[in-house]
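As stored in coords-v7.txt (compact mmCIF, N, CA and C atoms):
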# COMPACT_ATOMS: atom_id res chain seq x y z
N MET S 1 0.84 -1.19 0.00
CA MET S 1 0.00 0.00 0.00
C MET S 1 0.88 1.25 0.00
N ASP S 2 0.57 2.21 -0.83
CA ASP S 2 1.39 3.42 -0.90
C ASP S 2 0.96 4.45 0.12
N ASN S 3 1.79 5.44 0.32
CA ASN S 3 1.58 6.46 1.35
C ASN S 3 0.99 7.76 0.82
N THR S 4 0.42 7.75 -0.38
CA THR S 4 -0.15 8.97 -0.94
C THR S 4 -1.53 9.22 -0.36
N THR S 5 -1.91 10.49 -0.29
CA THR S 5 -3.24 10.83 0.22
C THR S 5 -4.23 10.85 -0.93
N LYS S 6 -5.47 10.51 -0.63
CA LYS S 6 -6.51 10.53 -1.64
C LYS S 6 -6.92 11.97 -1.94
N THR S 7 -7.19 12.26 -3.19
CA THR S 7 -7.60 13.61 -3.56
C THR S 7 -9.09 13.67 -3.87
N ARG S 8 -9.84 12.64 -3.51
CA ARG S 8 -11.27 12.67 -3.72
C ARG S 8 -11.92 13.54 -2.65
N GLY S 9 -13.14 13.99 -2.94
CA GLY S 9 -13.87 14.77 -1.95
C GLY S 9 -13.84 16.25 -2.26
N ILE S 10 -14.59 16.97 -1.47
CA ILE S 10 -14.76 18.41 -1.65
C ILE S 10 -13.58 19.14 -1.01
N THR S 11 -13.03 20.11 -1.71
CA THR S 11 -12.00 20.96 -1.13
C THR S 11 -12.54 22.38 -1.06
N LYS S 12 -12.18 23.09 0.00
CA LYS S 12 -12.61 24.47 0.21
C LYS S 12 -11.42 25.28 0.68
N VAL S 13 -11.49 26.59 0.45
CA VAL S 13 -10.45 27.51 0.89
C VAL S 13 -11.09 28.52 1.83
N GLY S 14 -10.45 28.76 2.99
CA GLY S 14 -11.01 29.69 3.96
C GLY S 14 -9.95 30.25 4.88
N ILE S 15 -10.39 31.08 5.82
CA ILE S 15 -9.53 31.76 6.77
C ILE S 15 -9.73 31.13 8.15
N VAL S 16 -8.63 30.88 8.86
CA VAL S 16 -8.70 30.32 10.21
C VAL S 16 -9.19 31.41 11.16
N VAL S 17 -10.27 31.13 11.90
CA VAL S 17 -10.80 32.11 12.85
C VAL S 17 -10.55 31.70 14.30
N SER S 18 -10.21 30.42 14.53
CA SER S 18 -9.92 29.97 15.89
C SER S 18 -8.98 28.79 15.85
N ASP S 19 -7.98 28.81 16.74
CA ASP S 19 -7.06 27.68 16.88
C ASP S 19 -6.88 27.31 18.36
N ALA S 20 -7.92 27.56 19.17
CA ALA S 20 -7.83 27.36 20.61
C ALA S 20 -7.82 25.88 21.00
N MET S 21 -8.37 25.01 20.15
CA MET S 21 -8.44 23.59 20.46
C MET S 21 -7.18 22.87 20.02
N ASP S 22 -6.94 21.69 20.58
CA ASP S 22 -5.77 20.89 20.23
C ASP S 22 -6.07 20.11 18.95
N LYS S 23 -5.23 20.31 17.94
CA LYS S 23 -5.33 19.62 16.64
C LYS S 23 -6.64 19.91 15.90
N THR S 24 -7.29 21.00 16.24
CA THR S 24 -8.53 21.40 15.57
C THR S 24 -8.52 22.90 15.32
N VAL S 25 -8.95 23.29 14.13
CA VAL S 25 -9.08 24.72 13.81
C VAL S 25 -10.47 24.96 13.25
N VAL S 26 -10.95 26.19 13.43
CA VAL S 26 -12.23 26.61 12.87
C VAL S 26 -11.93 27.51 11.68
N ILE S 27 -12.52 27.17 10.55
CA ILE S 27 -12.25 27.88 9.31
C ILE S 27 -13.53 28.51 8.78
N ARG S 28 -13.45 29.78 8.38
CA ARG S 28 -14.59 30.49 7.81
C ARG S 28 -14.44 30.48 6.29
N VAL S 29 -15.42 29.87 5.62
CA VAL S 29 -15.42 29.77 4.17
C VAL S 29 -16.51 30.69 3.63
N GLU S 30 -16.11 31.59 2.75
CA GLU S 30 -17.06 32.55 2.17
C GLU S 30 -17.34 32.20 0.72
N ARG S 31 -18.57 32.47 0.29
CA ARG S 31 -18.97 32.24 -1.09
C ARG S 31 -19.89 33.36 -1.53
N LEU S 32 -20.00 33.54 -2.84
CA LEU S 32 -20.87 34.57 -3.40
C LEU S 32 -22.14 33.92 -3.95
N VAL S 33 -23.29 34.51 -3.62
CA VAL S 33 -24.59 34.01 -4.05
C VAL S 33 -25.35 35.15 -4.70
N MET S 34 -26.02 34.84 -5.79
CA MET S 34 -26.82 35.85 -6.47
C MET S 34 -28.12 36.09 -5.68
N HIS S 35 -28.41 37.36 -5.39
CA HIS S 35 -29.65 37.72 -4.70
C HIS S 35 -30.81 37.57 -5.68
N LYS S 36 -31.88 36.93 -5.24
CA LYS S 36 -32.99 36.63 -6.15
C LYS S 36 -33.72 37.87 -6.65
N LEU S 37 -33.91 38.84 -5.78
CA LEU S 37 -34.66 40.03 -6.15
C LEU S 37 -33.79 41.09 -6.81
N TYR S 38 -32.63 41.37 -6.20
CA TYR S 38 -31.80 42.50 -6.64
C TYR S 38 -30.74 42.12 -7.65
N HIS S 39 -30.55 40.84 -7.92
CA HIS S 39 -29.59 40.36 -8.91
C HIS S 39 -28.18 40.91 -8.68
N ARG S 40 -27.81 40.98 -7.42
CA ARG S 40 -26.45 41.37 -7.03
C ARG S 40 -25.85 40.21 -6.25
N PHE S 41 -24.54 40.16 -6.21
CA PHE S 41 -23.88 39.10 -5.46
C PHE S 41 -23.82 39.47 -3.98
N VAL S 42 -24.20 38.52 -3.14
CA VAL S 42 -24.19 38.70 -1.69
C VAL S 42 -23.23 37.67 -1.12
N GLN S 43 -22.45 38.09 -0.13
CA GLN S 43 -21.47 37.19 0.47
C GLN S 43 -22.13 36.36 1.57
N ARG S 44 -21.96 35.05 1.51
CA ARG S 44 -22.44 34.14 2.54
C ARG S 44 -21.23 33.43 3.14
N ALA S 45 -21.31 33.13 4.42
CA ALA S 45 -20.18 32.48 5.09
C ALA S 45 -20.66 31.33 5.96
N ARG S 46 -19.80 30.34 6.11
CA ARG S 46 -20.08 29.21 6.97
C ARG S 46 -18.78 28.79 7.64
N LYS S 47 -18.87 28.33 8.88
CA LYS S 47 -17.69 27.90 9.62
C LYS S 47 -17.61 26.38 9.66
N PHE S 48 -16.43 25.86 9.40
CA PHE S 48 -16.17 24.43 9.45
C PHE S 48 -15.06 24.16 10.46
N THR S 49 -15.18 23.06 11.20
CA THR S 49 -14.07 22.62 12.04
C THR S 49 -13.26 21.61 11.25
N ALA S 50 -11.94 21.74 11.32
CA ALA S 50 -11.06 20.87 10.53
C ALA S 50 -9.93 20.35 11.40
N HIS S 51 -9.44 19.17 11.03
CA HIS S 51 -8.37 18.51 11.77
C HIS S 51 -7.02 19.07 11.31
N ASP S 52 -6.22 19.53 12.26
CA ASP S 52 -4.88 20.06 11.99
C ASP S 52 -3.89 19.22 12.79
N GLU S 53 -3.39 18.17 12.19
CA GLU S 53 -2.57 17.18 12.90
C GLU S 53 -1.32 17.78 13.54
N THR S 54 -0.67 18.72 12.88
CA THR S 54 0.60 19.25 13.37
C THR S 54 0.48 20.57 14.12
N ASN S 55 -0.73 21.09 14.28
CA ASN S 55 -0.97 22.37 14.97
C ASN S 55 -0.16 23.52 14.37
N VAL S 56 -0.09 23.60 13.04
CA VAL S 56 0.69 24.66 12.39
C VAL S 56 -0.17 25.87 12.03
N CYS S 57 -1.48 25.72 11.97
CA CYS S 57 -2.36 26.81 11.56
C CYS S 57 -2.57 27.80 12.69
N LYS S 58 -2.49 29.07 12.36
CA LYS S 58 -2.74 30.15 13.31
C LYS S 58 -3.89 31.01 12.81
N VAL S 59 -4.45 31.82 13.68
CA VAL S 59 -5.58 32.69 13.32
C VAL S 59 -5.15 33.65 12.21
N GLY S 60 -5.97 33.72 11.17
CA GLY S 60 -5.68 34.61 10.04
C GLY S 60 -5.05 33.91 8.85
N ASP S 61 -4.59 32.67 9.02
CA ASP S 61 -3.99 31.93 7.91
C ASP S 61 -5.06 31.55 6.89
N LYS S 62 -4.66 31.58 5.62
CA LYS S 62 -5.54 31.11 4.55
C LYS S 62 -5.16 29.65 4.27
N VAL S 63 -6.13 28.74 4.43
CA VAL S 63 -5.84 27.31 4.32
C VAL S 63 -6.80 26.64 3.35
N GLN S 64 -6.37 25.47 2.86
CA GLN S 64 -7.22 24.62 2.03
C GLN S 64 -7.59 23.41 2.86
N ILE S 65 -8.90 23.08 2.88
CA ILE S 65 -9.36 21.92 3.62
C ILE S 65 -10.02 20.94 2.65
N MET S 66 -10.00 19.66 3.03
CA MET S 66 -10.58 18.63 2.19
C MET S 66 -11.49 17.74 3.02
N GLU S 67 -12.59 17.34 2.43
CA GLU S 67 -13.54 16.48 3.09
C GLU S 67 -12.91 15.12 3.37
N CYS S 68 -13.23 14.54 4.53
CA CYS S 68 -12.71 13.22 4.89
C CYS S 68 -13.76 12.49 5.73
N ARG S 69 -13.41 11.35 6.25
CA ARG S 69 -14.34 10.60 7.08
C ARG S 69 -14.60 11.38 8.36
N PRO S 70 -15.71 11.10 9.06
CA PRO S 70 -15.98 11.80 10.32
C PRO S 70 -14.89 11.50 11.36
N LEU S 71 -14.26 12.55 11.87
CA LEU S 71 -13.21 12.39 12.88
C LEU S 71 -13.74 12.62 14.28
N SER S 72 -14.84 13.34 14.40
CA SER S 72 -15.51 13.57 15.68
C SER S 72 -16.94 13.99 15.37
N ARG S 73 -17.62 14.46 16.39
CA ARG S 73 -19.02 14.89 16.18
C ARG S 73 -19.13 16.03 15.17
N SER S 74 -18.16 16.93 15.17
CA SER S 74 -18.25 18.10 14.30
C SER S 74 -17.19 18.15 13.20
N LYS S 75 -16.12 17.37 13.30
CA LYS S 75 -15.03 17.45 12.33
C LYS S 75 -15.26 16.50 11.16
N ARG S 76 -15.40 17.09 9.97
CA ARG S 76 -15.56 16.31 8.75
C ARG S 76 -14.54 16.74 7.69
N PHE S 77 -13.63 17.63 8.05
CA PHE S 77 -12.63 18.14 7.12
C PHE S 77 -11.24 18.02 7.71
N ARG S 78 -10.24 18.03 6.83
CA ARG S 78 -8.84 17.92 7.22
C ARG S 78 -8.07 19.04 6.52
N VAL S 79 -7.13 19.68 7.21
CA VAL S 79 -6.33 20.74 6.60
C VAL S 79 -5.33 20.09 5.64
N VAL S 80 -5.37 20.53 4.38
CA VAL S 80 -4.47 19.99 3.37
C VAL S 80 -3.17 20.78 3.33
N ARG S 81 -3.29 22.11 3.28
CA ARG S 81 -2.08 22.95 3.22
C ARG S 81 -2.42 24.38 3.64
N VAL S 82 -1.39 25.07 4.05
CA VAL S 82 -1.52 26.49 4.38
C VAL S 82 -1.14 27.26 3.12
N ILE S 83 -2.09 28.01 2.58
CA ILE S 83 -1.85 28.75 1.34
C ILE S 83 -1.08 30.04 1.62
N GLU S 84 -1.50 30.75 2.67
CA GLU S 84 -0.90 32.05 2.98
C GLU S 84 -0.89 32.25 4.48
N ARG S 85 0.23 32.67 5.00
CA ARG S 85 0.36 32.93 6.44
C ARG S 85 -0.19 34.30 6.80
N ALA S 86 -0.70 34.42 8.03
CA ALA S 86 -1.18 35.71 8.50
C ALA S 86 0.01 36.61 8.77
N SER S 87 -0.15 37.89 8.49
CA SER S 87 0.97 38.82 8.69
C SER S 87 1.09 39.30 10.12
Is it possible to give me this structure as C-alpha cells?
Amino acid sequence: MDNTTKTRGITKVGIVVSDAMDKTVVIRVERLVMHKLYHRFVQRARKFTAHDETNVCKVGDKVQIMECRPLSRSKRFRVVRVIERAS
C-alpha cells in the first residue's frame, strides 16, 4: 500500500478564525450568491471545524481543507495545506 493521500472529496479555501483547540481549527469559508430580487452578489459564510494534525495553523492563515471521514461529532474536514500565512 502506498503512502499517498486521496484527492477525492470536496475541497474548500477559507480563513482560520480559531485555533484554541488541540489539533482542531475553525475555518470560515465565504462564497458569493446571487440575490434573487436584486440580482447582485451577496457574500455568505459558513464555519467548518477541521483537523490540523501538526498544529501549524494560526488565526488569520488562509488554508485549504478537504472532506474526509468523520473524525468527531463536528469534524468532517482535514487541513491539506496552508496557502498564505497571516501577517
**Request:** Quick one: everything within 7 Å of Arg78 in chain S, counting only N, CA and C atoms, minus sequence neighbours fewer than 3 positions away in the same chain. Send it as number ranges by chain.
**Result:** S: 49-52, 64-68, 75, 81
So which residues touch Glu53 in chain S within 6.5 Å, counting all atoms listed in the file, skipping near sequence neighbours fewer than 2 positions away, as a PDB file with N, CA and C atoms, in the frame of the given file?
ATOM      1  N   LYS S  23      -5.230  20.310  17.940  1.00  0.00           N
ATOM      2  CA  LYS S  23      -5.330  19.620  16.640  1.00  0.00           C
ATOM      3  C   LYS S  23      -6.640  19.910  15.900  1.00  0.00           C
ATOM      4  N   THR S  24      -7.290  21.000  16.240  1.00  0.00           N
ATOM      5  CA  THR S  24      -8.530  21.400  15.570  1.00  0.00           C
ATOM      6  C   THR S  24      -8.520  22.900  15.320  1.00  0.00           C
ATOM      7  N   HIS S  51      -9.440  19.170  11.030  1.00  0.00           N
ATOM      8  CA  HIS S  51      -8.370  18.510  11.770  1.00  0.00           C
ATOM      9  C   HIS S  51      -7.020  19.070  11.310  1.00  0.00           C
ATOM     10  N   ASN S  55      -0.730  21.090  14.280  1.00  0.00           N
ATOM     11  CA  ASN S  55      -0.970  22.370  14.970  1.00  0.00           C
ATOM     12  C   ASN S  55      -0.160  23.520  14.370  1.00  0.00           C
ATOM     13  N   VAL S  56      -0.090  23.600  13.040  1.00  0.00           N
ATOM     14  CA  VAL S  56       0.690  24.660  12.390  1.00  0.00           C
ATOM     15  C   VAL S  56      -0.170  25.870  12.030  1.00  0.00           C
ATOM     16  N   VAL S  79      -7.130  19.680   7.210  1.00  0.00           N
ATOM     17  CA  VAL S  79      -6.330  20.740   6.600  1.00  0.00           C
ATOM     18  C   VAL S  79      -5.330  20.090   5.640  1.00  0.00           C
TER      19      VAL S  79
END
**Request:** Scan for residues within 6 Å of the point (-23.6, 37.8, -4.8) in the coordinates of the file, using all atoms listed in the file, and reply as a PyMOL selection string.
**Result:** chain S and resi 32-35+40-43
Would you list the contacts of Ser87 in chain S as a PDB file with N, CA and C atoms, keeping the file's coordinate frame, taking every protein, DNA or RNA residue within 8 Å and counting only N, CA and C atoms, but skipping same-chain residues closer than 5 positions in sequence?
ATOM      1  N   VAL S  59      -4.450  31.820  13.680  1.00  0.00           N
ATOM      2  CA  VAL S  59      -5.580  32.690  13.320  1.00  0.00           C
ATOM      3  C   VAL S  59      -5.150  33.650  12.210  1.00  0.00           C
ATOM      4  N   GLY S  60      -5.970  33.720  11.170  1.00  0.00           N
ATOM      5  CA  GLY S  60      -5.680  34.610  10.040  1.00  0.00           C
ATOM      6  C   GLY S  60      -5.050  33.910   8.850  1.00  0.00           C
ATOM      7  N   ASP S  61      -4.590  32.670   9.020  1.00  0.00           N
ATOM      8  CA  ASP S  61      -3.990  31.930   7.910  1.00  0.00           C
ATOM      9  C   ASP S  61      -5.060  31.550   6.890  1.00  0.00           C
TER      10      ASP S  61
END
**Request:** Could you give me the residues within chain S that DSSP places in strand (DSSP E), as a ChimeraX atom specification?
**Result:** /S:11-18,24-34,41-51,62-67,77-84
**Prompt:** Separation of atom N of Arg31 in chain S and atom N of Cys57 in chain S, in Å?
**Reply:**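 According to the coordinates, atom N of Arg31 in chain S and atom N of Cys57 in chain S are separated by 21.8 Å.
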**Message:** One number please: CA of Val63 in chain S to CA of Phe48 in chain S, in Å, one decimal.
**Reply:**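 Between these atoms lies a distance of 11.9 Å.
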**Request:** Can you pull out every residue within 6 Å of Arg28 in chain S, counting only N, CA and C atoms, but drop anything in the same chain fewer than 4 positions away, and send it as a list of chain:residue names?
**Result:** S:Val13, S:Gly14, S:Ile15, S:Val16, S:Val17, S:Arg46, S:Lys47, S:Phe48
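Proximity to Ile83 in chain S was assessed for S:Lys62, S:Pro70, S:Val25, S:Ala45 counting only N, CA and C atoms; the smallest distance is recorded for S:Lys62.
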**Message:** What's the separation between atom C of Thr11 in chain S and atom C of Ser74 in chain S, in Å to one decimal place?
**Reply:**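 Answer for the atom C of Thr11 in chain S to atom C of Ser74 in chain S separation: 15.6 Å.
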